[in-house]
>>> print(open('my_file_11.txt').read())   # compact mmCIF, C-alpha atoms
# COMPACT_ATOMS: atom_id res chain seq x y z
CA MET X 1 86.64 189.43 -108.25
CA ILE X 2 84.34 187.97 -105.57
CA ARG X 3 81.42 188.19 -108.02
CA LYS X 4 83.38 186.16 -110.55
CA ILE X 5 84.24 183.45 -107.98
CA VAL X 6 80.62 183.20 -106.80
CA LEU X 7 79.40 183.03 -110.40
CA SER X 8 81.93 180.29 -111.22
CA LEU X 9 80.90 178.29 -108.15
CA LEU X 10 77.22 178.64 -109.09
CA ILE X 11 77.88 177.42 -112.65
CA ALA X 12 79.93 174.52 -111.29
CA ALA X 13 77.13 173.62 -108.84
CA LEU X 14 74.60 173.77 -111.66
CA ILE X 15 76.69 171.44 -113.85
CA ILE X 16 77.18 168.94 -110.99
CA ALA X 17 73.45 169.02 -110.17
CA SER X 18 72.50 168.40 -113.79
CA ILE X 19 74.78 165.35 -114.20
CA PRO X 20 72.73 162.14 -113.76
CA LEU X 21 73.93 159.54 -111.27
CA SER X 22 76.36 157.11 -112.84
CA LEU X 23 74.34 154.08 -111.68
CA GLU X 24 71.23 155.29 -113.46
CA ALA X 25 73.19 155.88 -116.63
CA CYS X 26 74.57 152.33 -116.64
CA PRO X 27 72.01 149.80 -117.92
CA ALA X 28 74.00 146.78 -116.71
CA CYS X 29 74.83 148.08 -113.24
CA LYS X 30 71.59 146.97 -111.59
CA ASN X 31 72.71 143.32 -111.85
CA LEU X 32 76.17 143.79 -110.32
CA ASP X 33 75.44 141.47 -107.38
CA ASP X 34 74.10 138.73 -109.59
CA PRO X 35 76.31 135.58 -109.36
CA ILE X 36 76.49 135.21 -113.15
CA ALA X 37 77.52 138.88 -113.51
CA ARG X 38 80.22 138.33 -110.89
CA GLY X 39 81.36 135.27 -112.84
CA PHE X 40 81.55 137.34 -116.02
CA ASN X 41 83.51 140.06 -114.22
CA TRP X 42 86.12 137.62 -112.91
CA SER X 43 86.29 135.89 -116.27
CA VAL X 44 86.86 139.18 -118.11
CA LEU X 45 89.52 140.27 -115.61
CA PHE X 46 91.26 136.90 -115.89
CA MET X 47 91.28 136.98 -119.70
CA MET X 48 92.40 140.61 -119.77
CA ALA X 49 95.41 139.72 -117.63
CA MET X 50 96.45 136.83 -119.90
CA PRO X 51 97.94 138.78 -122.86
CA PHE X 52 100.10 140.76 -120.43
CA ALA X 53 101.21 137.54 -118.73
CA VAL X 54 101.97 135.83 -122.06
CA PHE X 55 103.91 138.73 -123.57
CA GLY X 56 105.64 139.33 -120.26
CA VAL X 57 106.84 135.73 -119.99
CA ILE X 58 107.95 135.53 -123.66
CA GLY X 59 109.66 138.93 -123.57
CA GLY X 60 111.17 138.23 -120.16
CA SER X 61 112.59 134.85 -121.16
CA VAL X 62 114.12 136.25 -124.39
CA PHE X 63 115.59 139.21 -122.48
CA TYR X 64 116.95 137.01 -119.67
CA THR X 65 118.49 134.48 -122.09
CA TYR X 66 120.22 137.18 -124.16
CA ARG X 67 121.51 139.01 -121.09
CA ARG X 68 122.92 135.81 -119.60
CA ALA X 69 124.53 134.88 -122.93
CA TYR X 70 126.20 138.30 -123.30
CA LYS X 71 127.49 138.17 -119.72
CA GLU X 72 129.12 134.81 -120.44
CA MET L 1 128.61 135.19 -146.47
CA VAL L 2 126.40 132.13 -146.00
CA GLN L 3 128.94 130.64 -143.57
CA ARG L 4 128.98 133.89 -141.59
CA GLU L 5 125.17 133.86 -141.38
CA MET L 6 125.27 130.23 -140.20
CA GLU L 7 127.81 131.16 -137.52
CA ILE L 8 125.54 133.96 -136.30
CA ALA L 9 122.56 131.57 -136.23
CA GLU L 10 124.58 128.95 -134.29
CA ASN L 11 125.81 131.49 -131.74
CA ARG L 12 122.35 132.93 -131.14
CA PRO L 13 121.45 132.29 -127.49
CA PHE L 14 117.77 131.81 -128.34
CA SER L 15 117.20 129.49 -131.29
CA ASN L 16 114.36 130.13 -133.72
CA ALA L 17 112.86 126.72 -132.92
CA LYS L 18 112.79 127.52 -129.21
CA LEU L 19 111.23 130.93 -129.83
CA GLY L 20 108.64 129.30 -132.12
CA VAL L 21 107.65 126.79 -129.42
CA ILE L 22 107.37 129.55 -126.82
CA ILE L 23 105.11 131.58 -129.13
CA LEU L 24 103.03 128.44 -129.74
CA LEU L 25 102.71 128.04 -125.98
CA GLY L 26 101.58 131.67 -125.75
CA ALA L 27 98.74 130.83 -128.15
CA GLU L 28 97.94 127.70 -126.14
CA THR L 29 97.81 129.79 -122.98
CA MET L 30 95.22 132.07 -124.61
CA LEU L 31 93.18 129.02 -125.63
CA PHE L 32 93.17 127.63 -122.10
CA ALA L 33 92.52 131.10 -120.66
CA GLY L 34 89.35 131.26 -122.78
CA LEU L 35 88.24 127.83 -121.57
CA ILE L 36 89.03 128.64 -117.93
CA GLY L 37 87.18 131.97 -118.36
CA ALA L 38 84.08 130.11 -119.55
CA PHE L 39 84.42 127.69 -116.63
CA LEU L 40 84.63 130.62 -114.16
CA VAL L 41 81.43 132.15 -115.57
CA TYR L 42 79.49 128.91 -115.10
CA ARG L 43 81.10 128.02 -111.77
CA MET L 44 80.45 131.42 -110.18
CA GLY L 45 77.02 131.67 -111.77
CA ASN L 46 75.89 128.52 -109.94
CA ALA L 47 75.46 128.65 -106.18
CA THR L 48 75.99 124.87 -105.95
CA TRP L 49 78.65 122.99 -107.89
CA PRO L 50 78.07 120.40 -109.26
CA PRO L 51 74.62 121.75 -110.18
CA LEU L 52 71.66 120.03 -108.53
CA SER L 53 70.99 118.05 -111.71
CA HIS L 54 74.38 116.31 -111.24
CA ALA L 55 74.50 116.29 -107.44
CA ASP L 56 74.98 112.50 -107.34
CA ILE L 57 78.12 112.55 -109.51
CA GLN L 58 81.45 112.49 -107.68
CA LEU L 59 84.59 113.19 -109.70
CA PRO L 60 87.40 110.69 -108.92
CA ARG L 61 89.67 113.07 -107.01
CA LEU L 62 91.99 110.50 -105.46
CA VAL L 63 92.76 108.55 -108.63
CA THR L 64 93.25 111.79 -110.56
CA GLY L 65 95.51 113.04 -107.77
CA ILE L 66 97.71 109.95 -108.14
CA ASN L 67 97.59 110.45 -111.92
CA THR L 68 98.75 114.05 -111.37
CA GLY L 69 101.74 112.62 -109.52
CA TYR L 70 102.62 110.44 -112.53
CA LEU L 71 102.49 113.45 -114.82
CA ILE L 72 104.66 115.56 -112.51
CA ILE L 73 107.23 112.74 -112.29
CA SER L 74 107.22 112.57 -116.11
CA GLY L 75 108.06 116.30 -116.19
CA ILE L 76 111.02 115.67 -113.88
CA THR L 77 112.31 112.71 -115.93
CA MET L 78 111.97 114.75 -119.13
CA TYR L 79 114.01 117.60 -117.67
CA LEU L 80 116.65 115.18 -116.34
CA SER L 81 117.00 113.53 -119.75
CA LEU L 82 117.61 116.96 -121.33
CA ARG L 83 120.24 117.78 -118.69
CA MET L 84 121.99 114.45 -119.31
CA ILE L 85 122.20 115.18 -123.02
CA GLN L 86 123.44 118.71 -122.30
CA ILE L 87 126.26 117.53 -120.03
CA ASP L 88 127.18 114.65 -122.36
CA LEU L 89 126.44 111.71 -120.06
CA PRO L 90 126.19 108.25 -121.68
CA LYS L 91 123.21 108.09 -124.03
CA LEU L 92 121.76 105.07 -122.26
CA PHE L 93 120.65 107.21 -119.27
CA SER L 94 118.92 109.86 -121.36
CA ASN L 95 117.27 107.22 -123.58
CA VAL L 96 115.90 105.33 -120.57
CA LEU L 97 114.56 108.57 -119.06
CA LEU L 98 112.95 109.62 -122.34
CA ILE L 99 111.22 106.23 -122.66
CA LEU L 100 110.12 106.44 -119.01
CA THR L 101 108.67 109.92 -119.67
CA GLY L 102 106.68 108.67 -122.65
CA THR L 103 105.41 105.67 -120.67
CA LEU L 104 104.24 107.90 -117.80
CA GLY L 105 102.46 110.13 -120.31
CA LEU L 106 100.70 107.11 -121.77
CA VAL L 107 99.76 105.84 -118.29
CA PHE L 108 98.25 109.27 -117.56
CA LEU L 109 96.16 109.12 -120.73
CA ILE L 110 94.98 105.55 -120.08
CA ILE L 111 93.89 106.39 -116.51
CA GLN L 112 92.10 109.54 -117.75
CA GLY L 113 90.37 107.48 -120.44
CA SER L 114 89.19 104.86 -117.93
CA GLU L 115 87.83 107.65 -115.69
CA TRP L 116 85.90 109.09 -118.60
CA VAL L 117 84.36 105.70 -119.40
CA GLN L 118 83.18 105.42 -115.77
CA LEU L 119 81.78 108.97 -115.73
CA ILE L 120 79.94 108.48 -119.02
CA GLY L 121 78.48 105.28 -117.53
CA LYS L 122 77.18 107.34 -114.57
CA GLY L 123 75.44 109.75 -116.96
CA LEU L 124 77.93 112.62 -117.15
CA THR L 125 78.23 113.36 -120.86
CA LEU L 126 79.11 116.36 -123.00
CA GLN L 127 75.42 116.97 -123.69
CA SER L 128 74.18 116.43 -120.13
CA GLY L 129 74.57 120.10 -119.16
CA VAL L 130 77.02 122.83 -118.30
CA TYR L 131 78.84 120.66 -115.75
CA GLY L 132 79.58 117.87 -118.23
CA ALA L 133 80.38 120.29 -121.05
CA THR L 134 82.92 122.33 -119.08
CA PHE L 135 84.47 119.17 -117.60
CA TYR L 136 84.97 117.32 -120.87
CA VAL L 137 86.05 120.37 -122.88
CA LEU L 138 88.66 121.53 -120.34
CA ILE L 139 90.02 118.12 -119.39
CA GLY L 140 89.68 116.80 -122.95
CA CYS L 141 91.56 119.74 -124.41
CA HIS L 142 94.43 119.04 -122.01
CA ALA L 143 94.33 115.31 -122.81
CA VAL L 144 94.64 116.13 -126.53
CA HIS L 145 97.73 118.18 -125.71
CA VAL L 146 99.24 115.32 -123.70
CA PHE L 147 98.51 112.99 -126.63
CA GLY L 148 100.24 115.41 -129.01
CA ALA L 149 103.19 115.65 -126.62
CA VAL L 150 103.46 111.83 -126.48
CA ILE L 151 103.56 111.66 -130.31
CA TRP L 152 106.22 114.39 -130.39
CA LEU L 153 108.20 112.57 -127.70
CA THR L 154 107.99 109.28 -129.62
CA ILE L 155 109.69 110.98 -132.58
CA VAL L 156 112.33 112.45 -130.25
CA ILE L 157 112.93 109.01 -128.69
CA GLY L 158 113.44 107.56 -132.18
CA MET L 159 115.98 110.29 -132.98
CA SER L 160 117.72 109.75 -129.64
CA LEU L 161 117.99 105.98 -130.17
CA ALA L 162 119.52 106.72 -133.57
CA GLY L 163 122.19 108.77 -131.77
CA ARG L 164 121.22 112.08 -133.34
CA PHE L 165 121.72 114.23 -130.23
CA THR L 166 124.94 115.63 -128.80
CA SER L 167 125.66 118.24 -126.12
CA ASP L 168 125.95 120.86 -128.89
CA ASN L 169 123.03 119.73 -131.03
CA HIS L 170 119.86 118.86 -129.13
CA THR L 171 117.28 121.49 -130.12
CA ALA L 172 114.63 118.82 -130.79
CA VAL L 173 114.88 117.52 -127.19
CA GLU L 174 114.94 121.04 -125.80
CA THR L 175 111.77 122.15 -127.62
CA CYS L 176 110.00 118.91 -126.75
CA THR L 177 110.99 119.39 -123.08
CA ILE L 178 109.58 122.95 -123.07
CA TYR L 179 106.28 121.69 -124.49
CA TRP L 180 106.14 118.71 -122.14
CA ILE L 181 106.84 120.80 -119.04
CA TYR L 182 104.17 123.29 -120.12
CA VAL L 183 101.60 120.50 -120.42
CA VAL L 184 102.68 119.09 -117.04
CA ALA L 185 102.58 122.51 -115.32
CA LEU L 186 99.13 123.28 -116.71
CA TRP L 187 97.56 120.10 -115.35
CA PRO L 188 97.62 120.86 -111.56
CA ILE L 189 95.87 124.20 -112.27
CA LEU L 190 93.12 122.45 -114.23
CA TYR L 191 92.94 119.63 -111.68
CA PHE L 192 92.33 121.92 -108.71
CA LEU L 193 90.00 124.16 -110.71
CA VAL L 194 87.77 121.40 -112.10
CA TYR L 195 87.95 118.76 -109.34
CA PHE L 196 87.97 121.00 -106.24
CA ALA L 197 86.32 124.35 -107.17
>>> encode(input="my_file_11.txt", output="structure tokens")
Amino acid sequence: MIRKIVLSLLIAALIIASIPLSLEACPACKNLDDPIARGFNWSVLFMMAMPFAVFGVIGGSVFYTYRRAYKE
Amino acid sequence: MVQREMEIAENRPFSNAKLGVIILLGAETMLFAGLIGAFLVYRMGNATWPPLSHADIQLPRLVTGINTGYLIISGITMYLSLRMIQIDLPKLFSNVLLILTGTLGLVFLIIQGSEWVQLIGKGLTLQSGVYGATFYVLIGCHAVHVFGAVIWLTIVIGMSLAGRFTSDNHTAVETCTIYWIYVVALWPILYFLVYFA
């Protein structure tokens, strides 16, 4: 039982040691502090939020209008 | 059968026209989100804004601020005219408010146009760099929307003067009000973003 646990831990340690660092694997990560990269990040986040905002507002207004109408 | 379908359509709390305008505004929001996204990339990518090549150009913040006030007042008058039609007040009030709204929209466009003439005279053009391009595309796109809203409102004013609206039948005013208020609400965001960022 103990042999199995030690063997499992050794295999796990070997796998972890063989995984490259995420930063090295990411070709764009070296420029993260660049102002233009920061601009792109904020721009992407802003535009990703927009569809949710648009569908939320449209869906919310339809839902609210129908609920108010049925209450009346 | 047809009469029954018409009754259902009349009793629907959310008219098709209103839903259509709201979906149109969703598409408009995506358009402006794209333009604002591009502006954010260029703004955050430059340590100084305006860029050094346009350091001598000052955007007319005060005049545009006053112009923003005109546009906000036009949003209020538009909403009030809709309410007056909805509660069946004499048509004179709603007609006067609709005409006042259209006039304020036109005043906004004229002031914006005169600002553009001055800025072009100072050397800020669409081709003069990122600063000019983002300014004219963002502000110009909004101005085109205001112009479209003024044309739409002119048609609505004509219908209102012809006595076509009642408290039960005023979808045209309602949809125009939604569009107008959207255009008005969008402007302060663009104003602070472009003139103060």
>>> interface_residues(input="my_file_11.txt", of="chain X", to="chain L", cutoff="9 Å", atoms="all atoms listed in the file", output="PDB file with C-alpha atoms, in the coordinates of the input")
ATOM      1  CA  ASP X  34      74.100 138.730-109.590  1.00  0.00           C
ATOM      2  CA  PRO X  35      76.310 135.580-109.360  1.00  0.00           C
ATOM      3  CA  ILE X  36      76.490 135.210-113.150  1.00  0.00           C
ATOM      4  CA  ALA X  37      77.520 138.880-113.510  1.00  0.00           C
ATOM      5  CA  ARG X  38      80.220 138.330-110.890  1.00  0.00           C
ATOM      6  CA  GLY X  39      81.360 135.270-112.840  1.00  0.00           C
ATOM      7  CA  PHE X  40      81.550 137.340-116.020  1.00  0.00           C
ATOM      8  CA  ASN X  41      83.510 140.060-114.220  1.00  0.00           C
ATOM      9  CA  TRP X  42      86.120 137.620-112.910  1.00  0.00           C
ATOM     10  CA  SER X  43      86.290 135.890-116.270  1.00  0.00           C
ATOM     11  CA  VAL X  44      86.860 139.180-118.110  1.00  0.00           C
ATOM     12  CA  PHE X  46      91.260 136.900-115.890  1.00  0.00           C
ATOM     13  CA  MET X  47      91.280 136.980-119.700  1.00  0.00           C
ATOM     14  CA  MET X  50      96.450 136.830-119.900  1.00  0.00           C
ATOM     15  CA  PRO X  51      97.940 138.780-122.860  1.00  0.00           C
ATOM     16  CA  VAL X  54     101.970 135.830-122.060  1.00  0.00           C
ATOM     17  CA  PHE X  55     103.910 138.730-123.570  1.00  0.00           C
ATOM     18  CA  VAL X  57     106.840 135.730-119.990  1.00  0.00           C
ATOM     19  CA  ILE X  58     107.950 135.530-123.660  1.00  0.00           C
ATOM     20  CA  VAL X  62     114.120 136.250-124.390  1.00  0.00           C
ATOM     21  CA  THR X  65     118.490 134.480-122.090  1.00  0.00           C
ATOM     22  CA  TYR X  66     120.220 137.180-124.160  1.00  0.00           C
ATOM     23  CA  ARG X  68     122.920 135.810-119.600  1.00  0.00           C
ATOM     24  CA  ALA X  69     124.530 134.880-122.930  1.00  0.00           C
ATOM     25  CA  TYR X  70     126.200 138.300-123.300  1.00  0.00           C
TER      26      TYR X  70
END
>>> atom_distance(input="my_file_11.txt", atom1="atom CA of L:Thr77", atom2="atom CA of L:Ala185")
13.8 Å
>>> residues_around(input="my_file_11.txt", residues="stretch 120-132 of chain L", least_positions_apart="5", cutoff="12 Å", atoms="all atoms listed in the file", output="mmCIF file with C-alpha atoms, in the coordinates of the input")
data_model
loop_
_atom_site.group_PDB
_atom_site.id
_atom_site.type_symbol
_atom_site.label_atom_id
_atom_site.label_comp_id
_atom_site.auth_asym_id
_atom_site.auth_seq_id
_atom_site.Cartn_x
_atom_site.Cartn_y
_atom_site.Cartn_z
ATOM 1 C CA ALA L 38 84.080 130.110 -119.550
ATOM 2 C CA PHE L 39 84.420 127.690 -116.630
ATOM 3 C CA LEU L 40 84.630 130.620 -114.160
ATOM 4 C CA VAL L 41 81.430 132.150 -115.570
ATOM 5 C CA TYR L 42 79.490 128.910 -115.100
ATOM 6 C CA ARG L 43 81.100 128.020 -111.770
ATOM 7 C CA GLY L 45 77.020 131.670 -111.770
ATOM 8 C CA ASN L 46 75.890 128.520 -109.940
ATOM 9 C CA THR L 48 75.990 124.870 -105.950
ATOM 10 C CA TRP L 49 78.650 122.990 -107.890
ATOM 11 C CA PRO L 50 78.070 120.400 -109.260
ATOM 12 C CA PRO L 51 74.620 121.750 -110.180
ATOM 13 C CA LEU L 52 71.660 120.030 -108.530
ATOM 14 C CA SER L 53 70.990 118.050 -111.710
ATOM 15 C CA HIS L 54 74.380 116.310 -111.240
ATOM 16 C CA ALA L 55 74.500 116.290 -107.440
ATOM 17 C CA ASP L 56 74.980 112.500 -107.340
ATOM 18 C CA ILE L 57 78.120 112.550 -109.510
ATOM 19 C CA GLN L 58 81.450 112.490 -107.680
ATOM 20 C CA LEU L 59 84.590 113.190 -109.700
ATOM 21 C CA GLY L 113 90.370 107.480 -120.440
ATOM 22 C CA SER L 114 89.190 104.860 -117.930
ATOM 23 C CA GLU L 115 87.830 107.650 -115.690
ATOM 24 C CA VAL L 137 86.050 120.370 -122.880
ATOM 25 C CA LEU L 138 88.660 121.530 -120.340
ATOM 26 C CA ILE L 139 90.020 118.120 -119.390
ATOM 27 C CA GLY L 140 89.680 116.800 -122.950
ATOM 28 C CA VAL L 194 87.770 121.400 -112.100
ATOM 29 C CA TYR L 195 87.950 118.760 -109.340
ATOM 30 C CA ALA L 197 86.320 124.350 -107.170
#
>>> atom_distance(input="my_file_11.txt", atom1="atom CA of L:Pro60", atom2="atom CA of L:Val117")
12.0 Å
>>> atom_distance(input="my_file_11.txt", atom1="atom CA of L:Glu174", atom2="atom CA of L:Cys141")
23.5 Å
>>> residues_around(input="my_file_11.txt", residues="L:Val146", least_positions_apart="4", cutoff="12 Å", atoms="only C-alpha atoms", output="ChimeraX atom specification")
/L:71,74-75,101-110,112,139-142,150-153,176,179-187
>>> closest_residue(input="my_file_11.txt", among="L:Leu80, L:Thr175, L:Phe135, L:Pro90", to="L:Leu24", atoms="only C-alpha atoms")
L:Thr175
